[in-house]
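K.L.:
File name target-v9.csv; file contents CSV, C-alpha atoms; full text below.
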chain,number,residue,atom,x,y,z
C,10,MET,CA,-84.5,20.2,28.4
C,11,LYS,CA,-88.3,20.4,28.8
C,12,GLU,CA,-89.6,23.6,30.3
C,13,PHE,CA,-91.9,23.3,33.3
C,14,ASP,CA,-92.6,24.8,36.7
C,15,ILE,CA,-90.0,23.3,39.1
C,16,LEU,CA,-91.7,24.6,42.2
C,17,ALA,CA,-95.0,23.1,41.2
C,18,ALA,CA,-93.3,19.8,40.4
C,19,LEU,CA,-91.6,19.7,43.8
C,20,LYS,CA,-94.8,20.4,45.6
C,21,ASN,CA,-96.2,17.3,44.0
C,22,MET,CA,-93.4,15.1,45.4
C,23,PRO,CA,-93.7,15.4,49.2
C,24,LYS,CA,-92.7,12.4,51.3
C,25,ASN,CA,-93.3,11.9,55.0
C,26,ALA,CA,-90.2,11.2,57.1
C,27,ILE,CA,-89.6,10.2,60.7
C,28,ARG,CA,-86.6,12.2,61.6
C,29,PHE,CA,-84.8,11.5,64.9
C,30,GLN,CA,-82.1,12.8,67.1
C,31,THR,CA,-80.3,11.9,70.3
C,32,THR,CA,-81.5,14.9,72.4
C,33,LYS,CA,-84.8,15.4,74.2
C,34,ASP,CA,-85.3,18.9,72.9
C,35,SER,CA,-88.3,17.7,70.9
C,36,GLY,CA,-89.8,14.5,69.6
C,37,ILE,CA,-91.0,11.3,71.2
C,38,PRO,CA,-88.8,8.3,72.3
C,39,ILE,CA,-88.8,5.7,69.5
C,40,GLY,CA,-85.8,3.4,70.2
C,41,ARG,CA,-82.1,3.6,70.4
C,42,LEU,CA,-78.8,3.4,68.6
C,43,GLY,CA,-76.4,0.7,69.7
C,44,GLY,CA,-76.2,-1.2,73.0
C,45,LEU,CA,-77.4,-4.8,73.1
C,46,PRO,CA,-80.2,-5.7,70.6
C,47,ASP,CA,-83.5,-7.1,71.9
C,48,VAL,CA,-84.0,-10.4,70.0
C,49,PRO,CA,-85.8,-13.8,70.3
C,50,LYS,CA,-84.0,-16.5,72.3
C,51,ASP,CA,-83.3,-18.5,69.1
C,52,PHE,CA,-81.7,-15.5,67.3
C,53,ILE,CA,-78.5,-16.2,65.4
C,54,TRP,CA,-76.2,-13.1,65.3
C,55,PRO,CA,-75.7,-12.3,61.6
C,56,THR,CA,-72.2,-12.5,60.0
C,57,PHE,CA,-70.8,-11.5,56.6
C,58,GLU,CA,-67.8,-13.3,55.0
C,59,THR,CA,-65.2,-10.6,54.1
C,60,ASP,CA,-61.8,-9.2,54.6
C,61,THR,CA,-61.4,-5.7,56.2
C,62,PHE,CA,-59.3,-2.7,55.9
C,63,ASP,CA,-57.0,-4.0,58.7
C,64,ASP,CA,-57.2,-7.7,58.1
C,65,LYS,CA,-57.0,-9.3,54.6
C,66,GLU,CA,-58.2,-12.7,55.8
C,67,ILE,CA,-61.6,-13.5,54.3
C,68,LYS,CA,-63.8,-15.0,57.0
C,69,PRO,CA,-67.2,-14.7,58.6
C,70,ARG,CA,-67.4,-11.5,60.7
C,71,PRO,CA,-70.2,-10.4,63.0
C,72,LEU,CA,-72.3,-7.5,61.9
C,73,SER,CA,-72.5,-4.5,64.2
C,74,PHE,CA,-75.9,-3.7,65.8
C,75,ILE,CA,-76.8,-0.2,64.6
C,76,ALA,CA,-80.3,0.6,65.9
C,77,GLN,CA,-83.7,-0.7,66.9
C,78,PHE,CA,-87.0,1.1,66.8
C,79,ASP,CA,-90.3,0.5,68.7
C,80,CYS,CA,-92.8,0.2,65.9
C,81,ALA,CA,-95.8,1.2,68.1
C,82,ALA,CA,-94.0,4.4,69.1
C,83,LEU,CA,-93.3,5.1,65.4
C,84,ALA,CA,-97.0,4.6,64.4
C,85,PRO,CA,-98.2,8.2,65.1
C,86,LEU,CA,-95.4,9.6,62.9
C,87,ASP,CA,-95.9,7.1,60.1
C,88,LYS,CA,-98.4,9.2,58.2
C,89,GLU,CA,-98.6,6.8,55.2
C,90,ASN,CA,-98.8,3.6,57.3
C,91,LEU,CA,-95.7,2.1,55.6
C,92,LEU,CA,-94.1,0.5,58.6
C,93,PRO,CA,-95.3,-2.2,61.0
C,94,HIS,CA,-97.1,-0.7,63.9
C,95,GLU,CA,-96.1,-3.3,66.4
C,96,GLY,CA,-92.9,-5.1,67.4
C,97,ILE,CA,-89.3,-4.0,67.0
C,98,LEU,CA,-87.4,-3.1,63.8
C,99,SER,CA,-83.6,-3.7,64.1
C,100,PHE,CA,-80.7,-2.8,61.8
C,101,PHE,CA,-77.3,-4.4,61.5
C,102,TYR,CA,-74.2,-3.5,59.3
C,103,GLU,CA,-70.7,-4.9,59.1
C,104,LEU,CA,-68.6,-2.0,60.1
C,105,ALA,CA,-65.1,-3.4,59.7
C,106,SER,CA,-65.4,-3.7,55.9
C,107,GLN,CA,-68.1,-1.1,55.3
C,108,THR,CA,-69.2,-2.4,52.0
C,109,TRP,CA,-70.5,0.3,49.6
C,110,GLY,CA,-73.4,-1.7,48.1
C,111,TYR,CA,-72.2,-1.5,44.5
C,112,SER,CA,-71.7,-5.3,44.1
C,113,PRO,CA,-74.1,-8.2,44.3
C,114,GLU,CA,-71.4,-9.8,46.5
C,115,ASN,CA,-72.2,-7.2,49.2
C,116,ALA,CA,-75.5,-9.1,50.0
C,117,GLY,CA,-75.6,-9.9,53.7
C,118,SER,CA,-73.3,-7.1,54.8
C,119,ALA,CA,-76.4,-5.3,56.1
C,120,LYS,CA,-79.5,-6.9,57.7
C,121,VAL,CA,-82.9,-5.8,58.9
C,122,TYR,CA,-85.1,-7.8,61.2
C,123,TRP,CA,-88.7,-7.2,62.3
C,124,PHE,CA,-89.7,-9.0,65.5
C,125,ALA,CA,-93.4,-8.8,65.7
C,126,ASP,CA,-93.9,-9.6,69.4
C,127,LYS,CA,-91.9,-7.5,71.9
C,128,ALA,CA,-92.8,-9.8,74.7
C,129,LEU,CA,-90.7,-12.6,73.2
C,130,LEU,CA,-87.5,-10.5,73.0
C,131,PHE,CA,-84.5,-10.5,75.3
C,132,PRO,CA,-81.1,-8.6,75.2
C,133,ALA,CA,-78.5,-10.5,73.2
C,134,ALA,CA,-74.9,-10.8,74.2
C,135,PHE,CA,-72.3,-9.4,71.8
C,136,PRO,CA,-70.4,-12.1,69.9
C,137,ALA,CA,-67.0,-12.7,71.4
C,138,ASP,CA,-65.3,-11.9,68.1
C,139,LEU,CA,-67.0,-8.6,67.6
C,140,ASP,CA,-64.3,-6.0,68.2
C,141,GLY,CA,-65.0,-3.3,70.8
C,142,ASP,CA,-64.6,-0.6,68.2
C,143,TYR,CA,-67.7,-2.0,66.4
C,144,ARG,CA,-69.9,-2.2,69.5
C,145,LEU,CA,-72.0,1.0,69.5
C,146,PRO,CA,-72.9,2.6,72.8
C,147,ALA,CA,-76.6,2.7,73.7
C,148,VAL,CA,-78.0,6.1,72.8
C,149,PRO,CA,-81.8,6.9,73.1
C,150,LEU,CA,-83.5,8.3,70.1
C,151,PHE,CA,-86.3,11.0,69.9
C,152,ALA,CA,-88.3,11.5,66.7
C,153,TYR,CA,-90.7,13.9,65.0
C,154,HIS,CA,-92.5,14.0,61.7
C,155,GLU,CA,-91.1,16.0,58.8
C,156,THR,CA,-92.3,16.6,55.2
C,157,GLN,CA,-89.5,16.3,52.7
C,158,TYR,CA,-88.9,17.0,49.1
C,159,PRO,CA,-86.3,15.3,46.8
C,160,ASP,CA,-82.7,16.3,46.6
C,161,PHE,CA,-81.6,17.5,43.2
C,162,GLN,CA,-80.1,14.1,42.2
C,163,ASP,CA,-83.5,12.3,42.6
C,164,PHE,CA,-85.5,15.2,41.2
C,165,SER,CA,-83.4,15.4,38.1
C,166,GLU,CA,-83.8,11.6,37.6
C,167,ILE,CA,-87.6,12.1,37.6
C,168,CYS,CA,-87.9,15.3,35.6
C,169,THR,CA,-85.2,15.4,32.9
C,170,GLU,CA,-85.0,13.7,29.6
C,171,SER,CA,-82.2,13.5,27.1
C,172,GLY,CA,-82.2,15.1,23.7
C,173,SER,CA,-80.0,16.1,20.8
C,174,HIS,CA,-78.1,19.2,21.9
C,175,SER,CA,-74.6,20.6,21.6
C,176,SER,CA,-72.4,20.3,24.8
C,177,GLU,CA,-72.6,24.1,25.3
C,178,GLU,CA,-76.5,24.0,25.1
C,179,ILE,CA,-76.6,21.1,27.5
C,180,TYR,CA,-74.4,23.0,30.0
C,181,ASP,CA,-76.4,26.2,29.8
C,182,GLU,CA,-79.8,24.3,30.1
C,183,TRP,CA,-78.5,22.2,33.0
C,184,LYS,CA,-77.1,25.2,34.9
C,185,ASP,CA,-80.4,27.0,34.5
C,186,PHE,CA,-82.3,23.9,35.7
C,187,CYS,CA,-80.0,23.6,38.7
C,188,ASP,CA,-80.4,27.3,39.6
C,189,LYS,CA,-84.2,27.0,39.4
C,190,TYR,CA,-84.3,23.9,41.5
C,191,GLU,CA,-82.2,25.5,44.2
C,192,SER,CA,-84.5,28.5,44.3
C,193,ALA,CA,-87.6,26.3,44.5
C,194,ILE,CA,-86.2,24.0,47.2
C,195,GLN,CA,-85.2,27.0,49.3
C,196,THR,CA,-88.8,28.3,49.1
C,197,LEU,CA,-90.1,24.9,50.3
C,198,GLN,CA,-87.8,23.9,53.0
C,199,GLY,CA,-84.9,26.4,53.4
C,200,ASP,CA,-81.4,25.5,54.5
C,201,ASP,CA,-81.1,22.3,56.5
C,202,THR,CA,-77.5,21.7,57.6
C,203,ALA,CA,-78.3,19.6,60.7
C,204,LEU,CA,-77.5,15.9,60.7
C,205,ARG,CA,-80.4,14.0,59.1
C,206,HIS,CA,-81.0,10.6,60.7
C,207,GLN,CA,-84.4,9.3,59.6
C,208,LEU,CA,-86.8,6.5,58.6
C,209,LEU,CA,-88.6,6.9,55.3
C,210,GLY,CA,-88.8,10.2,53.4
C,211,TRP,CA,-86.4,11.4,50.8
C,212,PRO,CA,-82.6,10.7,51.3
C,213,ARG,CA,-80.0,13.4,51.7
C,214,ILE,CA,-77.8,12.4,48.8
C,215,ILE,CA,-74.0,12.9,48.8
C,216,GLN,CA,-73.2,11.5,45.3
C,217,ASN,CA,-75.8,10.0,42.9
C,218,SER,CA,-79.4,9.0,43.0
C,219,MET,CA,-79.4,5.5,44.5
C,220,ALA,CA,-82.7,3.8,43.7
C,221,TYR,CA,-81.6,2.7,40.2
C,222,GLU,CA,-78.3,1.5,41.7
C,223,CYS,CA,-80.3,-0.8,44.1
C,224,GLU,CA,-82.4,-2.0,41.1
C,225,LEU,CA,-79.4,-2.8,38.9
C,226,VAL,CA,-77.4,-4.5,41.7
C,227,GLY,CA,-80.5,-6.5,42.4
C,228,ARG,CA,-80.5,-7.6,38.8
C,229,GLY,CA,-76.9,-8.9,39.3
C,230,TYR,CA,-74.9,-6.0,37.9
C,231,TYR,CA,-71.7,-4.6,39.4
C,232,MET,CA,-72.1,-0.8,39.8
C,233,GLY,CA,-68.4,0.1,40.4
C,234,ASN,CA,-67.5,0.7,36.8
C,235,ALA,CA,-69.6,3.8,36.0
C,236,LEU,CA,-72.2,1.7,34.2
C,237,LYS,CA,-69.9,0.8,31.3
C,238,ASP,CA,-70.5,-2.9,31.5
C,239,ILE,CA,-74.3,-2.7,31.8
C,240,PRO,CA,-76.5,-2.9,28.7
C,241,GLU,CA,-78.1,0.5,28.0
C,242,ASP,CA,-81.6,-0.9,27.8
C,243,GLU,CA,-81.2,-2.3,31.4
C,244,ILE,CA,-79.9,1.1,32.6
C,245,ALA,CA,-82.8,2.9,30.9
C,246,ASP,CA,-85.4,0.5,32.3
C,247,ALA,CA,-84.0,0.8,35.9
C,248,ARG,CA,-83.9,4.5,35.8
C,249,ALA,CA,-87.5,4.7,34.4
C,250,HIS,CA,-89.0,2.7,37.3
C,251,SER,CA,-86.7,2.5,40.3
C,252,LEU,CA,-87.8,5.7,42.0
C,253,GLN,CA,-91.3,4.4,42.0
C,254,ASN,CA,-90.3,0.9,43.1
C,255,TRP,CA,-87.7,1.6,45.8
C,256,VAL,CA,-88.2,3.5,49.0
C,257,LEU,CA,-85.7,4.7,51.6
C,258,LEU,CA,-86.2,2.8,54.8
C,259,PHE,CA,-83.4,4.1,57.0
C,260,GLN,CA,-80.7,6.8,56.7
C,261,LEU,CA,-77.9,7.3,59.2
C,262,GLU,CA,-75.2,10.0,58.9
C,263,SER,CA,-71.8,9.9,60.4
C,264,ASP,CA,-72.1,11.2,64.0
C,265,GLU,CA,-70.4,11.3,67.4
C,266,PHE,CA,-72.1,9.9,70.5
C,267,GLY,CA,-70.0,11.0,73.6
C,268,ASP,CA,-66.6,9.5,73.0
C,269,TYR,CA,-67.7,7.2,70.2
C,270,CYS,CA,-67.3,8.3,66.6
C,271,LEU,CA,-69.4,6.5,64.0
C,272,ASP,CA,-67.9,7.3,60.7
C,273,PHE,CA,-69.0,5.9,57.3
C,274,GLY,CA,-66.2,6.2,54.8
C,275,ASP,CA,-65.2,9.9,54.9
C,276,CYS,CA,-68.0,11.5,56.9
C,277,GLY,CA,-70.6,9.7,54.8
C,278,ASN,CA,-74.0,8.2,55.2
C,279,ILE,CA,-75.5,4.7,55.0
C,280,TYR,CA,-78.9,4.2,53.4
C,281,PHE,CA,-81.1,1.1,53.7
C,282,TYR,CA,-83.4,0.8,50.7
C,283,ILE,CA,-86.3,-1.6,50.1
C,284,ARG,CA,-88.8,-2.2,47.3
C,285,ASN,CA,-92.3,-0.9,48.1
C,286,GLU,CA,-93.8,-4.4,47.6
C,287,ASP,CA,-91.3,-5.9,50.0
C,288,LEU,CA,-92.0,-3.3,52.6
C,289,ALA,CA,-95.7,-3.9,52.3
C,290,ALA,CA,-95.1,-7.7,52.7
C,291,ARG,CA,-92.7,-7.1,55.6
C,292,ARG,CA,-89.9,-8.8,53.7
C,293,PHE,CA,-87.1,-6.9,55.4
C,294,GLU,CA,-84.6,-9.5,54.5
C,295,ARG,CA,-84.6,-8.0,51.0
C,296,VAL,CA,-83.2,-4.6,52.0
C,297,TRP,CA,-80.2,-3.2,50.1
C,298,LEU,CA,-77.6,-0.9,51.7
C,299,ILE,CA,-75.8,1.8,49.8
C,300,SER,CA,-73.0,3.9,51.4
C,301,GLN,CA,-71.9,7.3,50.1
C,302,CYS,CA,-69.3,9.7,51.4
C,303,TYR,CA,-67.7,13.0,50.5
Rewrite the structure from the file as structure tokens, please.

P.N.:
Amino acid sequence: MKEFDILAALKNMPKNAIRFQTTKDSGIPIGRLGGLPDVPKDFIWPTFETDTFDDKEIKPRPLSFIAQFDCAALAPLDKENLLPHEGILSFFYELASQTWGYSPENAGSAKVYWFADKALLFPAAFPADLDGDYRLPAVPLFAYHETQYPDFQDFSEICTESGSHSSEEIYDEWKDFCDKYESAIQTLQGDDTALRHQLLGWPRIIQNSMAYECELVGRGYYMGNALKDIPEDEIADARAHSLQNWVLLFQLESDEFGDYCLDFGDCGNIYFYIRNEDLAARRFERVWLISQCY
């Protein structure tokens, strides 16, 4: 493994995040989780054709409304001007099936809409067939800016390269690399055990780096078989470029809001990713959702 200054490398990888919480202790109001979404009068509530954990019938099922953000309120926190600075950005996800995002067949299980003119929006009624368990309560959100650095999984995707070594050498080098990373990240941002709901920035990863998974699923590959059915050149190409091409748009962790428990898998997170070019062009219909849990 190539020797280099890990702390210096991390310092060259900052990303600006808009981190939010449900308390007024700090931050500015930027939108809300749940409740009724504000949408145009001709809005058609999105559905996804699937079975669920409790119902094996495959049929169209309404997505749950997850959150909406006031883009004008986000603007002062959007240090790189990546997001629209007007209108409403809204997120939906089908909670009864909770797709993982590992298959091209999961397309449509999560949706993002940008409504450019707030004056044309009105509260929508919930679809009659949206179960009450999947109607999130309205919870106001308060945000602040935060500088973030990559988790180990993303950092190692960027900074490591394969070589010809014995398994023992690989283990020793990898352990040393991990230890040096942990020391460096502690120096930069210390311990952060609080829930991390955010827009943009680096994701808090539970399992594996996700950008190349988004890229490969986008190319039509199923990611649930540990890459064994995907050509090696495709994997290498995706890993070489995906962290430059894909950006985290929205991360939401499992949380409790009053009596309502929002749980993704087993205390997991959901991540909405989008290609940089699609974010710049406001093509939010091209987002891809990945779910990870412990």

K.L.:
Using the file's own x, y and z axes, what box holds all listed atoms of region 121-127 of chain C with 4 Å on each side, keeping edges along x, y and z, and what are its centre and edge lengths in Å to one decimal, as lines of an AutoDock Vina configuration file?

P.N.:
center_x = -88.4
center_y = -7.7
center_z = 65.4
size_x = 19.0
size_y = 11.8
size_z = 21.0

K.L.:
At most 12 Å from (-85.8, 16.3, 51.7), file frame, all atoms listed in the file: which residues, as JSON, numbers by chain?

P.N.:
{"C": [19, 20, 22, 23, 24, 25, 26, 27, 28, 155, 156, 157, 158, 159, 160, 161, 162, 163, 164, 194, 195, 197, 198, 199, 200, 201, 202, 205, 206, 207, 209, 210, 211, 212, 213, 214, 257, 260]}

K.L.:
Pick the closest to Ala290 (chain C) from C:Cys187, C:Leu91, C:Leu104, C:Ile167: which is it, counting only C-alpha atoms?

P.N.:
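Of C:Cys187, C:Leu91, C:Leu104, C:Ile167, the one nearest Ala290 (chain C), counting only C-alpha atoms, is C:Leu91.
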
K.L.:
Show me, as number ranges by chain, the residues that have an atom within 9 Å of Arg292 (chain C) when counting only C-alpha atoms, minus same-chain residues fewer than 4 positions from it.

P.N.:
C: 122-123, 283, 286-288, 296

K.L.:
So what do you get for CA of Leu86 (chain C) versus CA of Glu191 (chain C), distance-wise?

P.N.:
27.9 Å

K.L.:
I need the residue nearest Tyr269 (chain C) from this list: C:Cys223, C:Ala119, C:Cys168, C:Ala147. Use all atoms listed in the file for the distance.

P.N.:
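For Tyr269 (chain C), the nearest of the candidates is C:Ala147.
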
K.L.:
Grab the CA of Asp242 (chain C) to CA of Leu225 (chain C) distance for me, in Å with one decimal place.

P.N.:
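Atom-to-atom, CA of Asp242 (chain C) and CA of Leu225 (chain C) are spaced 11.5 Å apart.
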
K.L.:
How many Å separate CA of Leu145 (chain C) from CA of Glu66 (chain C)?

P.N.:
23.8 Å

K.L.:
As a ChimeraX atom specification, please: the residues near Asn115 (chain C) (cut-off 12 Å, all atoms listed in the file, same-chain neighbours under 4 positions excluded).

P.N.:
/C:57-60,102-103,106-111,119-120,223,226-227,229-232,296-300

K.L.:
So, counting only C-alpha atoms, which residue among C:Phe151, C:Phe135, C:Trp54, C:Phe13 is closest to Asp34 (chain C)?

P.N.:
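Of the candidates, the smallest distance to Asp34 (chain C) is held by C:Phe151.
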
K.L.:
Might you pull out every residue within 12 Å of Ala203 (chain C), with all atoms listed in the file counted and same-chain residues fewer than 5 positions away left off, and present them as a list in words?

P.N.:
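Listing them by chain and then by number gives Arg28, Phe29, Gln30, Arg213, Glu262, Ser263 and Asp264 of chain C.
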
K.L.:
Just checking: using all atoms listed in the file, which residue out of C:Pro69, C:Gly96, C:Pro149, C:Pro132 ends up closest to Asp51 (chain C)?

P.N.:
C:Pro132

K.L.:
Please identify all polymer residues within 8 Å of Ile97 (chain C), counting all atoms listed in the file, omitting same-chain residues fewer than 4 positions from it, and present them as a list in words.

P.N.:
Gln77, Phe78, Asp79, Cys80, Trp123, Phe124, Ala125, Asp126 and Lys127 of chain C
